[in-house]
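The data block below is data-v5.cif; it holds mmCIF, C-alpha atoms.
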```
data_final
#
loop_
_atom_site.group_PDB
_atom_site.id
_atom_site.type_symbol
_atom_site.label_atom_id
_atom_site.label_comp_id
_atom_site.auth_asym_id
_atom_site.auth_seq_id
_atom_site.Cartn_x
_atom_site.Cartn_y
_atom_site.Cartn_z
ATOM 1 C CA MET M 1 28.901 19.721 -225.668
ATOM 2 C CA ASN M 2 31.219 16.794 -224.969
ATOM 3 C CA LYS M 3 34.145 19.167 -224.301
ATOM 4 C CA ILE M 4 32.103 21.161 -221.778
ATOM 5 C CA PHE M 5 31.016 17.945 -220.090
ATOM 6 C CA LEU M 6 34.642 16.748 -219.913
ATOM 7 C CA ALA M 7 35.821 20.102 -218.537
ATOM 8 C CA ILE M 8 33.181 19.891 -215.769
ATOM 9 C CA ILE M 9 34.282 16.326 -214.960
ATOM 10 C CA PHE M 10 37.954 17.406 -214.757
ATOM 11 C CA ILE M 11 37.111 20.401 -212.544
ATOM 12 C CA PHE M 12 35.093 18.099 -210.306
ATOM 13 C CA LEU M 13 37.989 15.599 -210.136
ATOM 14 C CA PHE M 14 40.441 18.419 -209.304
ATOM 15 C CA ALA M 15 38.184 19.719 -206.532
ATOM 16 C CA LEU M 16 37.654 16.197 -205.194
ATOM 17 C CA GLY M 17 41.433 15.620 -205.232
ATOM 18 C CA ALA M 18 42.115 18.916 -203.430
ATOM 19 C CA GLU M 19 39.527 18.127 -200.748
ATOM 20 C CA THR M 20 40.986 14.614 -200.337
ATOM 21 C CA GLY M 21 44.458 16.143 -199.938
ATOM 22 C CA ILE M 22 43.250 18.644 -197.316
ATOM 23 C CA ILE M 23 41.453 15.925 -195.320
ATOM 24 C CA TYR M 24 44.511 13.626 -195.522
ATOM 25 C CA GLN M 25 46.835 16.379 -194.263
ATOM 26 C CA LYS M 26 44.434 17.367 -191.455
ATOM 27 C CA PHE M 27 44.236 13.712 -190.401
ATOM 28 C CA THR M 28 48.045 13.445 -190.473
ATOM 29 C CA ASP M 29 48.443 16.618 -188.381
ATOM 30 C CA ALA M 30 45.641 15.778 -185.927
ATOM 31 C CA PRO M 31 47.908 14.413 -183.113
ATOM 32 C CA ASN M 32 49.960 17.619 -183.266
ATOM 33 C CA MET M 33 46.929 19.894 -183.034
ATOM 34 C CA GLN M 34 46.203 18.991 -179.396
ATOM 35 C CA LYS M 35 49.813 19.726 -178.505
ATOM 36 C CA ALA M 36 49.675 23.021 -180.373
ATOM 37 C CA GLY M 37 46.556 23.796 -178.326
ATOM 38 C CA ALA M 38 48.586 23.283 -175.134
ATOM 39 C CA ALA M 39 51.096 25.931 -176.256
ATOM 40 C CA ASP M 40 48.197 28.307 -177.004
ATOM 41 C CA ALA M 41 46.637 27.620 -173.597
ATOM 42 C CA LEU M 42 49.906 28.219 -171.754
ATOM 43 C CA SER M 43 50.413 31.607 -173.383
ATOM 44 C CA SER M 44 47.181 32.663 -171.623
ATOM 45 C CA GLY M 45 47.159 35.349 -168.923
ATOM 46 C CA VAL M 46 46.044 32.622 -166.477
ATOM 47 C CA ILE M 47 49.548 31.168 -166.526
ATOM 48 C CA GLN M 48 51.457 33.043 -163.842
ATOM 49 C CA SER M 49 54.894 31.519 -164.366
ATOM 50 C CA ILE M 50 56.786 28.857 -166.256
ATOM 51 C CA THR M 51 60.164 27.911 -164.860
ATOM 52 C CA ALA M 52 62.916 25.826 -166.404
ATOM 53 C CA TYR M 53 65.585 24.343 -164.152
ATOM 54 C CA GLY M 54 68.671 22.296 -164.936
ATOM 55 C CA SER M 55 72.398 22.249 -165.413
ATOM 56 C CA VAL M 56 73.902 24.192 -168.288
ATOM 57 C CA THR M 57 75.209 21.911 -171.044
ATOM 58 C CA SER M 58 75.861 24.590 -173.653
ATOM 59 C CA VAL M 59 75.750 28.341 -174.092
ATOM 60 C CA ASP M 60 75.640 29.955 -177.523
ATOM 61 C CA ILE M 61 76.436 33.633 -176.973
ATOM 62 C CA GLU M 62 75.702 34.627 -180.595
ATOM 63 C CA SER M 63 72.157 33.193 -180.675
ATOM 64 C CA LYS M 64 71.654 33.851 -176.920
ATOM 65 C CA THR M 65 70.648 30.231 -176.388
ATOM 66 C CA ILE M 66 71.183 28.233 -173.199
ATOM 67 C CA THR M 67 70.753 24.452 -173.223
ATOM 68 C CA LEU M 68 69.736 22.869 -169.927
ATOM 69 C CA ALA M 69 69.662 19.204 -168.913
ATOM 70 C CA SER M 70 67.619 17.652 -166.132
ATOM 71 C CA ASP M 71 66.666 14.022 -165.399
ATOM 72 C CA GLY M 72 67.822 12.901 -168.838
ATOM 73 C CA ASP M 73 65.900 15.581 -170.758
ATOM 74 C CA SER M 74 67.527 18.447 -172.588
ATOM 75 C CA LEU M 75 66.034 21.766 -173.657
ATOM 76 C CA ALA M 76 67.490 24.738 -175.551
ATOM 77 C CA ILE M 77 65.989 28.099 -174.553
ATOM 78 C CA LYS M 78 66.568 31.343 -176.423
ATOM 79 C CA ILE M 79 67.021 34.242 -174.017
ATOM 80 C CA SER M 80 65.300 37.545 -174.831
ATOM 81 C CA ASP M 81 67.390 40.643 -175.527
ATOM 82 C CA SER M 82 65.976 42.334 -172.416
ATOM 83 C CA ALA M 83 66.517 39.328 -170.097
ATOM 84 C CA LYS M 84 68.282 39.946 -166.806
ATOM 85 C CA ILE M 85 70.829 37.397 -165.616
ATOM 86 C CA TYR M 86 71.490 37.190 -161.912
ATOM 87 C CA PHE M 87 74.044 35.252 -159.929
ATOM 88 C CA PHE M 88 72.917 34.060 -156.488
ATOM 89 C CA ASP M 89 75.451 33.041 -153.896
ATOM 90 C CA SER M 90 74.004 30.561 -151.407
ATOM 91 C CA SER M 91 76.590 31.565 -148.808
ATOM 92 C CA ASN M 92 74.939 34.969 -148.718
ATOM 93 C CA LYS M 93 71.225 34.549 -149.429
ATOM 94 C CA ILE M 94 70.534 38.242 -149.759
ATOM 95 C CA ALA M 95 73.308 39.083 -152.194
ATOM 96 C CA SER M 96 72.662 38.755 -155.883
ATOM 97 C CA GLN M 97 74.626 40.275 -158.700
ATOM 98 C CA GLU M 98 73.627 41.022 -162.277
ATOM 99 C CA VAL M 99 75.983 39.305 -164.698
ATOM 100 C CA GLY M 100 76.225 38.595 -168.439
ATOM 101 C CA LEU M 101 75.528 35.526 -170.542
ATOM 102 C CA ASN M 102 79.264 34.879 -170.883
ATOM 103 C CA ASP M 103 79.483 34.457 -167.095
ATOM 104 C CA LEU M 104 77.502 31.214 -167.387
ATOM 105 C CA LYS M 105 79.664 28.106 -167.074
ATOM 106 C CA LEU M 106 78.932 24.563 -168.176
ATOM 107 C CA GLY M 107 77.597 22.639 -165.191
ATOM 108 C CA ASP M 108 76.071 25.706 -163.504
ATOM 109 C CA TYR M 109 72.560 25.120 -162.170
ATOM 110 C CA VAL M 110 70.146 27.769 -163.386
ATOM 111 C CA ASP M 111 66.483 28.741 -163.155
ATOM 112 C CA ILE M 112 65.050 30.372 -166.269
ATOM 113 C CA THR M 113 61.697 32.160 -166.220
ATOM 114 C CA VAL M 114 60.126 31.227 -169.543
ATOM 115 C CA GLU M 115 57.424 32.930 -171.581
ATOM 116 C CA ILE M 116 55.640 31.811 -174.735
ATOM 117 C CA THR M 117 55.898 34.360 -177.526
ATOM 118 C CA THR M 118 53.019 35.271 -179.849
ATOM 119 C CA THR M 119 54.560 32.988 -182.486
ATOM 120 C CA GLY M 120 54.428 30.067 -180.043
ATOM 121 C CA GLU M 121 58.128 29.858 -179.229
ATOM 122 C CA LEU M 122 59.719 29.608 -175.777
ATOM 123 C CA GLU M 123 61.751 32.591 -174.640
ATOM 124 C CA GLY M 124 63.694 33.080 -171.417
ATOM 125 C CA SER M 125 62.919 36.398 -169.702
ATOM 126 C CA ASN M 126 65.046 35.988 -166.551
ATOM 127 C CA VAL M 127 67.968 33.772 -165.659
ATOM 128 C CA ALA M 128 69.096 32.986 -162.120
ATOM 129 C CA ILE M 129 72.452 31.245 -161.705
ATOM 130 C CA LEU M 130 72.243 29.188 -158.513
ATOM 131 C CA ILE M 131 75.409 28.186 -156.733
ATOM 132 C CA MET S 1 39.775 4.733 -231.703
ATOM 133 C CA LYS S 2 36.963 5.362 -229.228
ATOM 134 C CA SER S 3 38.604 3.106 -226.625
ATOM 135 C CA THR S 4 41.895 4.999 -227.061
ATOM 136 C CA ASN S 5 40.064 8.287 -226.421
ATOM 137 C CA ALA S 6 38.428 6.818 -223.321
ATOM 138 C CA ILE S 7 41.823 5.702 -221.973
ATOM 139 C CA VAL S 8 43.304 9.167 -222.614
ATOM 140 C CA ILE S 9 40.363 10.811 -220.803
ATOM 141 C CA ILE S 10 40.708 8.447 -217.831
ATOM 142 C CA VAL S 11 44.462 9.095 -217.607
ATOM 143 C CA ILE S 12 43.954 12.873 -217.775
ATOM 144 C CA GLY S 13 41.222 12.580 -215.144
ATOM 145 C CA ALA S 14 43.559 10.586 -212.866
ATOM 146 C CA VAL S 15 46.350 13.133 -213.332
ATOM 147 C CA VAL S 16 43.978 16.030 -212.562
ATOM 148 C CA PHE S 17 42.828 14.205 -209.396
ATOM 149 C CA ILE S 18 46.412 13.516 -208.276
ATOM 150 C CA VAL S 19 47.437 17.134 -208.894
ATOM 151 C CA GLY S 20 44.400 18.181 -206.825
ATOM 152 C CA VAL S 21 45.473 15.866 -203.967
ATOM 153 C CA GLY S 22 49.023 17.270 -204.067
ATOM 154 C CA LEU S 23 47.825 20.867 -203.993
ATOM 155 C CA GLY S 24 45.371 20.063 -201.185
ATOM 156 C CA ILE S 25 48.165 18.549 -199.062
ATOM 157 C CA PHE S 26 50.457 21.504 -199.801
ATOM 158 C CA TYR S 27 47.743 24.043 -198.934
ATOM 159 C CA GLN S 28 46.877 22.369 -195.620
ATOM 160 C CA ALA S 29 50.554 21.866 -194.688
ATOM 161 C CA GLN S 30 51.122 25.603 -195.205
ATOM 162 C CA ALA S 31 48.047 26.404 -193.123
ATOM 163 C CA ASP S 32 49.346 24.148 -190.315
ATOM 164 C CA SER S 33 52.958 25.366 -190.417
ATOM 165 C CA MET S 34 52.579 27.652 -187.354
ATOM 166 C CA GLN S 35 51.093 24.717 -185.463
ATOM 167 C CA VAL S 36 54.384 22.861 -185.960
ATOM 168 C CA THR S 37 56.240 25.513 -183.917
ATOM 169 C CA LYS S 38 53.558 25.334 -181.230
ATOM 170 C CA THR S 39 53.770 21.536 -181.207
ATOM 171 C CA GLU S 40 57.528 21.768 -180.649
ATOM 172 C CA THR S 41 56.880 24.242 -177.817
ATOM 173 C CA ALA S 42 54.336 21.885 -176.233
ATOM 174 C CA ASN S 43 56.871 19.056 -176.490
ATOM 175 C CA ALA S 44 59.446 21.291 -174.810
ATOM 176 C CA LEU S 45 56.985 22.165 -172.024
ATOM 177 C CA SER S 46 56.453 18.486 -171.229
ATOM 178 C CA SER S 47 60.232 18.143 -170.704
ATOM 179 C CA LYS S 48 61.642 17.422 -167.237
ATOM 180 C CA VAL S 49 63.631 20.652 -167.622
ATOM 181 C CA ILE S 50 60.310 22.470 -166.964
ATOM 182 C CA PRO S 51 59.458 21.455 -163.382
ATOM 183 C CA SER S 52 57.030 24.266 -162.665
ATOM 184 C CA ILE S 53 54.115 25.843 -164.501
ATOM 185 C CA VAL S 54 51.717 27.783 -162.281
ATOM 186 C CA ALA S 55 48.228 28.901 -163.272
ATOM 187 C CA TYR S 56 46.453 31.529 -161.178
ATOM 188 C CA GLY S 57 42.968 32.893 -161.420
ATOM 189 C CA THR S 58 39.405 33.017 -160.180
ATOM 190 C CA VAL S 59 37.396 29.808 -160.504
ATOM 191 C CA THR S 60 34.578 30.501 -162.956
ATOM 192 C CA LYS S 61 33.405 26.928 -163.555
ATOM 193 C CA ILE S 62 33.823 23.441 -162.101
ATOM 194 C CA ASP S 63 32.760 20.550 -164.321
ATOM 195 C CA GLY S 64 33.731 17.075 -163.164
ATOM 196 C CA ASN S 65 37.486 17.240 -162.559
ATOM 197 C CA ASN S 66 37.845 20.293 -164.815
ATOM 198 C CA ILE S 67 38.405 23.705 -163.265
ATOM 199 C CA THR S 68 38.049 26.811 -165.419
ATOM 200 C CA LEU S 69 40.148 29.776 -164.287
ATOM 201 C CA THR S 70 39.870 33.382 -165.409
ATOM 202 C CA ALA S 71 42.580 36.030 -165.039
ATOM 203 C CA GLN S 72 43.478 39.169 -166.972
ATOM 204 C CA GLY S 73 40.558 38.556 -169.325
ATOM 205 C CA ASP S 74 41.846 35.102 -170.295
ATOM 206 C CA THR S 75 40.231 31.769 -169.492
ATOM 207 C CA LEU S 76 41.875 28.373 -169.099
ATOM 208 C CA THR S 77 40.319 25.001 -168.273
ATOM 209 C CA VAL S 78 42.572 22.557 -166.427
ATOM 210 C CA ALA S 79 41.816 18.866 -165.944
ATOM 211 C CA VAL S 80 42.872 18.192 -162.362
ATOM 212 C CA SER S 81 44.447 14.791 -161.704
ATOM 213 C CA PRO S 82 42.423 12.527 -159.343
ATOM 214 C CA ASP S 83 45.627 12.227 -157.269
ATOM 215 C CA ALA S 84 46.117 15.992 -157.080
ATOM 216 C CA LYS S 85 46.929 17.436 -153.678
ATOM 217 C CA VAL S 86 44.548 20.213 -152.612
ATOM 218 C CA ILE S 87 45.683 22.690 -149.961
ATOM 219 C CA SER S 88 43.694 25.560 -148.535
ATOM 220 C CA PHE S 89 45.055 28.752 -146.975
ATOM 221 C CA SER S 90 42.750 30.866 -144.874
ATOM 222 C CA SER S 91 43.190 34.017 -142.848
ATOM 223 C CA THR S 92 40.956 36.035 -140.575
ATOM 224 C CA ALA S 93 39.909 39.385 -141.962
ATOM 225 C CA GLY S 94 41.912 42.196 -140.381
ATOM 226 C CA SER S 95 44.371 39.785 -138.756
ATOM 227 C CA THR S 96 48.103 40.185 -139.389
ATOM 228 C CA ALA S 97 48.755 36.545 -138.487
ATOM 229 C CA ALA S 98 50.113 34.214 -141.173
ATOM 230 C CA PRO S 99 47.404 32.346 -143.136
ATOM 231 C CA THR S 100 46.542 28.899 -141.815
ATOM 232 C CA GLN S 101 47.333 25.958 -144.080
ATOM 233 C CA LYS S 102 44.913 23.035 -144.196
ATOM 234 C CA ASP S 103 44.645 19.861 -146.287
ATOM 235 C CA ALA S 104 41.517 20.063 -148.415
ATOM 236 C CA SER S 105 39.823 18.088 -151.160
ATOM 237 C CA PHE S 106 38.711 18.819 -154.687
ATOM 238 C CA SER S 107 35.107 19.307 -153.488
ATOM 239 C CA ASP S 108 36.285 22.252 -151.350
ATOM 240 C CA VAL S 109 37.028 24.292 -154.469
ATOM 241 C CA ARG S 110 34.156 26.732 -155.123
ATOM 242 C CA THR S 111 33.267 29.063 -157.954
ATOM 243 C CA GLY S 112 34.704 32.500 -157.132
ATOM 244 C CA ASP S 113 37.702 31.129 -155.204
ATOM 245 C CA SER S 114 41.148 32.439 -156.068
ATOM 246 C CA ILE S 115 43.442 29.485 -156.660
ATOM 247 C CA ASN S 116 46.874 28.486 -157.890
ATOM 248 C CA ILE S 117 47.204 25.253 -159.861
ATOM 249 C CA ALA S 118 50.590 23.666 -160.524
ATOM 250 C CA VAL S 119 50.142 22.171 -163.988
ATOM 251 C CA LYS S 120 52.113 19.762 -166.124
ATOM 252 C CA VAL S 121 51.945 19.307 -169.887
ATOM 253 C CA MET S 122 51.460 15.603 -170.528
ATOM 254 C CA PRO S 123 53.172 13.869 -173.503
ATOM 255 C CA ASP S 124 49.854 13.958 -175.441
ATOM 256 C CA GLY S 125 49.643 17.733 -174.943
ATOM 257 C CA GLN S 126 46.926 17.650 -172.300
ATOM 258 C CA ILE S 127 47.325 20.143 -169.448
ATOM 259 C CA GLN S 128 46.937 18.383 -166.112
ATOM 260 C CA GLY S 129 46.629 20.008 -162.690
ATOM 261 C CA GLN S 130 48.799 18.310 -160.081
ATOM 262 C CA THR S 131 48.476 20.582 -157.055
ATOM 263 C CA VAL S 132 45.669 22.988 -156.223
ATOM 264 C CA ILE S 133 46.139 25.770 -153.692
ATOM 265 C CA ILE S 134 43.020 27.614 -152.491
ATOM 266 C CA LEU S 135 44.241 31.085 -151.569
ATOM 267 C CA PRO S 136 43.180 33.246 -148.596
ATOM 268 C CA GLY S 137 39.993 35.222 -149.152
ATOM 269 C CA SER S 138 38.284 32.257 -150.789
ATOM 270 C CA THR S 139 35.323 30.351 -149.322
ATOM 271 C CA PRO S 140 36.555 28.954 -145.958
ATOM 272 C CA VAL S 141 37.112 25.161 -145.919
ATOM 273 C CA GLN S 142 35.144 23.529 -143.076
#
```
When written as structure tokens, how does the structure in this file appear?
Amino acid sequence: MNKIFLAIIFIFLFALGAETGIIYQKFTDAPNMQKAGAADALSSGVIQSITAYGSVTSVDIESKTITLASDGDSLAIKISDSAKIYFFDSSNKIASQEVGLNDLKLGDYVDITVEITTTGELEGSNVAILI
Amino acid sequence: MKSTNAIVIIVIGAVVFIVGVGLGIFYQAQADSMQVTKTETANALSSKVIPSIVAYGTVTKIDGNNITLTAQGDTLTVAVSPDAKVISFSSTAGSTAAPTQKDASFSDVRTGDSINIAVKVMPDGQIQGQTVIILPGSTPVQ
């Protein structure tokens, strides 16, 4: 009888501990949840476009990642496999030319059309090199 | 002897509780792991490298300074900043002339209007509307 009583007490303590742990972790993660909600909201069909703009500070050809800097902020954006990269020449507004990732140079100013993937990551779907 | 047994039971009880806490934290952390990626994305979207995020849709609800937009079956509610600029474009039906631009106010936005909102992700993750454009075909602004 005593053993059964003790087993029930231990099960109760385990369950109480697990619930305490879950509540603690939820409380710890709470500030991040609102931000995560923003990423969910911006992957909605209501969002027509998201554009990143800045000067190129690094290009990693292997991982297809471009890092941009603007006003003291820096952001690395992975470019999708199907992304198109265009070069625009301001001396001839109509002309644009499709180029490759290795044509990007450090210091170039670029516009990247960004999408949020189903896993919540940012992905560049179009790159415009502005001269 | 009895007091020794009581101490052993209390210690085992404490260990069981602590193991429960650890497993609870681990379980919830695993459940929240995808949220970590989304949090990083939200942080990235509040960066100055992202100067433009545009929402477009039909206004389905206005509640205080919140505008709910619907497009492509999705719905998004945006809290519009009190300082937000509101611009209206209107055109005459059948006319080929360029739409007329007019300064407007938040109260000019009506349910059913088609609008663009330039939004910004704030550092706390809130989505704030900074410019509202009422598009042609919407309720004319007087």
What residues in chain S lie within 8 Å of chain M, counting all atoms listed in the file, written as a PyMOL selection string? chain S and resi 13-14+16-25+27-29+32+34-44+47-57+69-76+121+124-127
Of S:Ser107, S:Ser33, S:Gln128, S:Ser46, the one nearest to Thr77 (chain S) when counting all atoms listed in the file is S:Gln128
Would you compute the distance between CA of Thr57 (chain M) and CA of Gly107 (chain M)? Give it in Å to one decimal.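 Here the two named atoms are 6.4 Å from each other.
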Padding 4 Å on every side, please: axis-aligned box over the listed atoms of region 112-130 of chain M, centre and edge lengths to one decimal in Å, as lines of an AutoDock Vina configuration file.
```
center_x = 62.7
center_y = 32.8
center_z = -170.5
size_x = 27.4
size_y = 15.2
size_z = 32.0
```
The PyMOL selection byres ((chain M and resi 78) around 7) applied to the shown file, residues as a list of chain:residue names: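 Listing what the PyMOL selection byres ((chain M and resi 78) around 7) selects in the shown file: M:Lys64, M:Thr65, M:Ile66, M:Ala76, M:Ile77, M:Ile79, M:Ser80, M:Glu123, M:Gly124.
Distance-wise, CA of Leu104 (chain M) and CA of Val59 (chain M) end up 7.5 Å apart.
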Contacts of Ser91 (chain S) at 9 Å (all atoms listed in the file; same-chain gap of 6+ positions) as a ChimeraX atom specification: /S:97-100,136-137,140
Pull C-alpha atoms from the residues just selected and write them as a PDB file, keeping the file's coordinate frame.
```
ATOM      1  CA  ALA S  97      48.755  36.545-138.487  1.00  0.00           C
ATOM      2  CA  ALA S  98      50.113  34.214-141.173  1.00  0.00           C
ATOM      3  CA  PRO S  99      47.404  32.346-143.136  1.00  0.00           C
ATOM      4  CA  THR S 100      46.542  28.899-141.815  1.00  0.00           C
ATOM      5  CA  PRO S 136      43.180  33.246-148.596  1.00  0.00           C
ATOM      6  CA  GLY S 137      39.993  35.222-149.152  1.00  0.00           C
ATOM      7  CA  PRO S 140      36.555  28.954-145.958  1.00  0.00           C
TER       8      PRO S 140
END
```
Applying the PyMOL selection byres ((chain S and resi 65) around 7) to the file I just gave you, which residues come out? Please list them as a PDB file with C-alpha atoms, in the frame of the given file.
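The resulting selection-v4.pdb:
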```pdb
ATOM      1  CA  ASP S  63      32.760  20.550-164.321  1.00  0.00           C
ATOM      2  CA  GLY S  64      33.731  17.075-163.164  1.00  0.00           C
ATOM      3  CA  ASN S  66      37.845  20.293-164.815  1.00  0.00           C
ATOM      4  CA  ILE S  67      38.405  23.705-163.265  1.00  0.00           C
ATOM      5  CA  ALA S  79      41.816  18.866-165.944  1.00  0.00           C
ATOM      6  CA  VAL S  80      42.872  18.192-162.362  1.00  0.00           C
TER       7      VAL S  80
END
```
Of the listed residues S:Phe106, S:Ile117, S:Thr60, S:Leu135, that which approaches Ser88 (chain S) most closely, counting only C-alpha atoms: S:Leu135
How far is it from CA of Glu115 (chain M) to CA of Ile62 (chain S), in Å with one decimal?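 These two atoms are separated by 27.1 Å.
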